[in-house]
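Visitor: Input: one structure, supplied below.
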Amino acid sequence: MSVDIQSLSVTLGSVQIVHDVNVHIANGERVGLVGASGSGKSMIAKAMLGLLPVDAHVTGSLMLGDVNTANASERTLADVRGRYVGTVFQNPGSALNPVLPVVRQIELPLKLHYNLNATERYERAMTMLHKVGLDDDIARAYPHQLSGGQQQRVGIATALVTAPRLIIADEPTTALDSITQRQIVDLLVSLVDDAGASMLFITHDFAVLSRATTRSYVLDRGEIVESGDTEQLLTHPQSAHTRELVHAARELTLRATQTESAQNTVLADNSGMSSVATGTLTSKTEEGRA
Amino acid sequence: MRFVIRRLALFAVALFGISLVVFVALRILPGDVASIMAGLNSPPERVAALREQLGLNRSLPAQYADWVSALCHGDFGTSVLTGRSVGAQVGARAQVTFPLITLGLLIAMALGIPLGCAAALARKPAVRAAFHVVAIIGGSVPALWGGLLMILLFSRGSGLIAVFPSQGFPQAGWSDPGAAMMSLILPACTVGIIVGAGLMRYTRAALAQTAQSDAVAMAMACGMTRTQAILRVGLRLATAQLVSVIGLTFAEMITGVMVIENLFALPGIGAGLITDVGNRDLIAVQSELFMLAAFFLAIGLIVDLLHRVLDPRLQSAGDNAEVNA
Amino acid sequence: MSNMTETSNTTDTTTTLTERNERKNELPRNAAEVTTTATRRRKPLIVVRSMWSHTEGRFALIVMAVWLAVSLISLIWTPYSLLATDGYHVWAKPSAAHILGTDGTGADVLSWLMAGSRTNLLIVILTIACAAAFGLLLVAAMVSRHSALAGASVVAVDALISIPTVLLALILAVPLGASIMVIVVACGFGYGLNLARVARPQALLAARSAYVEAALWSGASSLRVFVGHVLPNIMPVMLVQLSLSAGTAVLAESGLTYLGIGVPSGVPSWGHSLATSVKFINVYPLTVLWPGLIVTVVVIALNLLGDALGDAADPLANTQLRVVSKRAGTNPAGDKGSAA
């Protein structure tokens, strides 16, 4: 599904949080939205899904396929969400319904959008559960009984179970430790590519961004300050804000690569795409050090 | 399981504490109960006899030990004034009070929870403000006055729409269920509206909190509308909180309906306790206060145990786990 | 019946707090710190002014002012003497001579209600003072650095808070009989517990903060730290809770007086006026209207006052207060972090 955001502005109370933002995502493309915390990234994601608080004011157009979610009715939005657009949240620990067993959570989008009988639904959910690398015995568990990484796998399974055409991943790895981060990003990328869906990947972390996306927008205080090829942004950041973000990512990766280089090769098997990304990232880091 | 045992132990300790508090409070406060009971200007012999009868001339520990050991055998003592067993007296009163507060609570829930949900779902600030004002007004009416307005509007005799008996409870009690029920409707409505207003504000506040949670956002992201997500996920997440409020409200209503019982001349627990206090019926008051306090503690216990059933996070988490819904 | 409203009493604070959090969930939650004398003097003025600017706040302030004025006037003048009865005009309908009519003894209803307002005002003020003193004492114990004291007081508050005010009043009434003290002590005790529980989280945050740490290191006494650092932080919560408690106290007065364990007979109060007219409800329904209406309006006003105070006295919600703090050269709330 293609996404076309034209001159989007979001105002919350008397504060304008997003200023005149334009974003384009082509069919099957993986695009990043990067910025420091407080830059308004999540607001854009929420605006796309119609999840902003009721008193928020949105102007501009937000085309997801042929639906403009900026002025669509609640019913239309609900039909789009979970069916054509899957969402992965930052904190699976708080986003997963604490009173639902894992399998019920994954079944939820199917239940809301498709007329399947209970067995069919269960089977599809279990297939999805296996796809994200979780075992059968997790199906009956409650979210709080899982580790952070397992929780996020459940979140990904829920987002992808209906085979949506667009995935919005809102800081899906921020709450995780660095090893799990890579596993989750690689899993997400391989599943999205297998399905041929598009993805908007939101993060503040360039190190993750280069593994997950090909093209990126840099957001600073609600405005797009730079955009282009993710690699290009990493190697030749133009704006001061981008440079800062890249620098911060290098600092982190420097330490991470030394301890985890052994694991990279193992993890990279998950998807060809990500092994390239890992390779480039490491070499970039080395360059930076020199 | 360990939690249940620990909670039960705490309950037992609290019961003991309460018995001590009630006993001490009724003895150390100034004023000679025997002489007040006997009435003004009564001869000293009469006062002395009463004191003897109440056991007031014995040492305090001995009085306490007698009372508690009797309690342990299910004997709540005998009223000095009426000569009836306090246990039987309270049992008869409970047949009025429990149906009354149960009905009142049902009315409160039927009013408060849907209105609270509607208030939480309202998008327009003006509508939200209107709900807020309705809840404040409902909670600001003195029960006495609310009951009077009910009588003025709906009771036989003085009411504009004369349907319900204005006062009293049928002599036959529940052997005539229709008449008994009719006599409870007006008082239950009064209680229900006032308690319902509080419940409405609580429901709204609890839902407003869960409506902002990630879990509700996730449910919407899966394809629910905001209304669906708040009612299905938000309300479910607020259930544990609401259950404790409703449970504690139920406990408080026992004494809370005192004024209503008095106004509608219903022979309930609260009205009876007031009579006993007015008569300075020491033994009856002491045992009744203990029973009420024990009831409050028991409701607290049930609410705590229900919490664990309703929230899977508490079942496997440690006893001190904090839940951030 | 005082009790029935107690659930909504604690609830109200939750409601108000959540409402306010909704509005400013983008702001950090560190509250105002030390204020200079200059700020302290100007603060109440700003709070009142910003309350006045909202309809609800204005309504609440007007009702409070009228209440105070009528109470003062009733001390020196009422249309008729309270003891003046007119056997020929009992249960008179409202007329030019008796604006609200007369009661069963022929006494002027308006005069009794005017005199009643001063009794109610006295009860409310005493109750609130009692609740504030007891509540603050508990808060101090709960955030104390002696962990045994803190733990014990938290458990004690949790255990005692479930005891309804009416039960307490009844226990007190056994030896005391009907008395204003019964209302004041029973309600002050109960509302103090509520206050302590509601204010504890914020007090704890303040008491464990870095600036308190610093103050203690520099040799400030515990009392000084409590008054200088903890108290300003819980002030907004406390004001809200106390004005809600004031509303509950007015309701409690009418309920307890009707039950015969509140204001003794012969002393004018709204509850007294309400209770005496109850017996004749079937014959003279009109007389019951006025005292009930007054109590309802006053309780509504006290509830709205709580809401308005909560918004106006909180530096996070009221930007004007922040301006003052800045001018006074202190570190106002909201400056430390940026919106998320």
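So you can find residues: chains in the structure tokens are A, B, ... in the order shown, residues in each start at 1, and ligands are numbered from 1 in order.
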Could the residues of chain A that have an atom at most 9 Å from chain C be listed as a tab-separated table, each with its closest atom pair and the distance in Å to one decimal, counting only C-alpha atoms and ordered by chain and ascending residue number?

Guide:
```
residue	atom	partner	partner_atom	distance
A:Gly13	CA	C:Arg23	CA	8.4
A:Ser37	CA	C:Ala340	CA	6.5
A:Gly38	CA	C:Ala340	CA	4.4
A:Ser39	CA	C:Ala340	CA	8.0
A:Gly40	CA	C:Ala340	CA	8.2
```

Visitor: Tell me which protein, DNA and RNA residues are within 9 Å of C:Ala308, counting only C-alpha atoms, leaving out same-chain ones fewer than 3 positions away, and put them as a VMD selection string.

Guide: chain C and resid 50 to 52 54 56 to 58 60 240 303 to 305 311 to 313

Visitor: Select residues of chain A: the criterion is any atom within 8 Å of an atom of chain B, counting only C-alpha atoms; output as a PyMOL selection string.

Guide: chain A and resi 49+51+54-55+74-75+77-83+86-87+89+91+94-99+108-109+112-113+142+144+158-159

Visitor: Using only C-alpha atoms, find each residue in stretch 106-142 of chain C having at least one atom no more than 7 Å away from stretch 67-89 of chain C; report its shortest atom-to-atom pair and that distance in Å (one decimal), rows by chain then rising number, as CSV.

Guide:
```
residue,atom,partner,partner_atom,distance
C:Gly106,CA,C:Asp86,CA,4.5
C:Ala107,CA,C:Thr85,CA,4.6
C:Asp108,CA,C:Tyr80,CA,6.4
C:Ser111,CA,C:Thr78,CA,5.3
C:Trp112,CA,C:Leu82,CA,6.3
C:Met114,CA,C:Ser74,CA,5.8
C:Ala115,CA,C:Ser74,CA,5.4
C:Ser117,CA,C:Ser71,CA,5.5
C:Arg118,CA,C:Ser71,CA,4.3
```

Visitor: Of the candidates C:Gln202, C:Ser209, C:Asn120, C:Ser162, which shows the shortest atom-to-atom distance to chain B, using only C-alpha atoms?

Guide: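 So, comparing all the options, the nearest one is C:Ser162.
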
Visitor: With a cut-off of 6 Å and counting only C-alpha atoms, select all residues of chain B in contact with chain C and give the selection as a list of chain:residue names.

Guide: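 Matching residues, ligands excluded from the count: B:Pro30, B:Gly31, B:Ser140, B:Val141, B:Pro142, B:Trp145, B:Ser158, B:Gly198, B:Tyr202, B:Ala205, B:Gly256, B:Val257, B:Met258, B:Val259, B:Val277.
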
Visitor: Atoms to include: C-alpha atoms. Write the selected residues as a PDB file, in the first residue's frame.

Guide:
```pdb
ATOM      1  CA  PRO B  30     -16.557  10.170  79.476  1.00  0.00           C
ATOM      2  CA  GLY B  31     -20.093   9.733  80.789  1.00  0.00           C
ATOM      3  CA  SER B 140     -24.754  17.039  46.420  1.00  0.00           C
ATOM      4  CA  VAL B 141     -28.360  16.305  47.355  1.00  0.00           C
ATOM      5  CA  PRO B 142     -28.718  15.515  51.058  1.00  0.00           C
ATOM      6  CA  TRP B 145     -34.043  15.838  51.234  1.00  0.00           C
ATOM      7  CA  SER B 158     -49.100  13.276  49.533  1.00  0.00           C
ATOM      8  CA  GLY B 198     -20.692   8.951  42.801  1.00  0.00           C
ATOM      9  CA  TYR B 202     -15.749   7.143  39.402  1.00  0.00           C
ATOM     10  CA  ALA B 205     -12.478   8.885  35.854  1.00  0.00           C
ATOM     11  CA  GLY B 256     -25.149   5.020  54.867  1.00  0.00           C
ATOM     12  CA  VAL B 257     -28.831   4.206  54.569  1.00  0.00           C
ATOM     13  CA  MET B 258     -29.453   5.080  58.233  1.00  0.00           C
ATOM     14  CA  VAL B 259     -31.129   8.355  57.373  1.00  0.00           C
ATOM     15  CA  VAL B 277     -27.548   4.366  70.781  1.00  0.00           C
TER      16      VAL B 277
END
```

Visitor: In Å, rounded to a single decimal, give me how far atom CA of B:Val243 is from atom CA of B:Leu289.

Guide: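 If I compute the distance from atom CA of B:Leu289 to atom CA of B:Val243, I get 25.0 Å.
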
Visitor: Write out as a PyMOL selection string all residues of stretch 32-247 of chain A that backbone DSSP assigns to strand (DSSP E or B).

Guide: chain A and resi 32-34+56-64+67-68+81+85-88+166-170+198-203+215-220+223-229
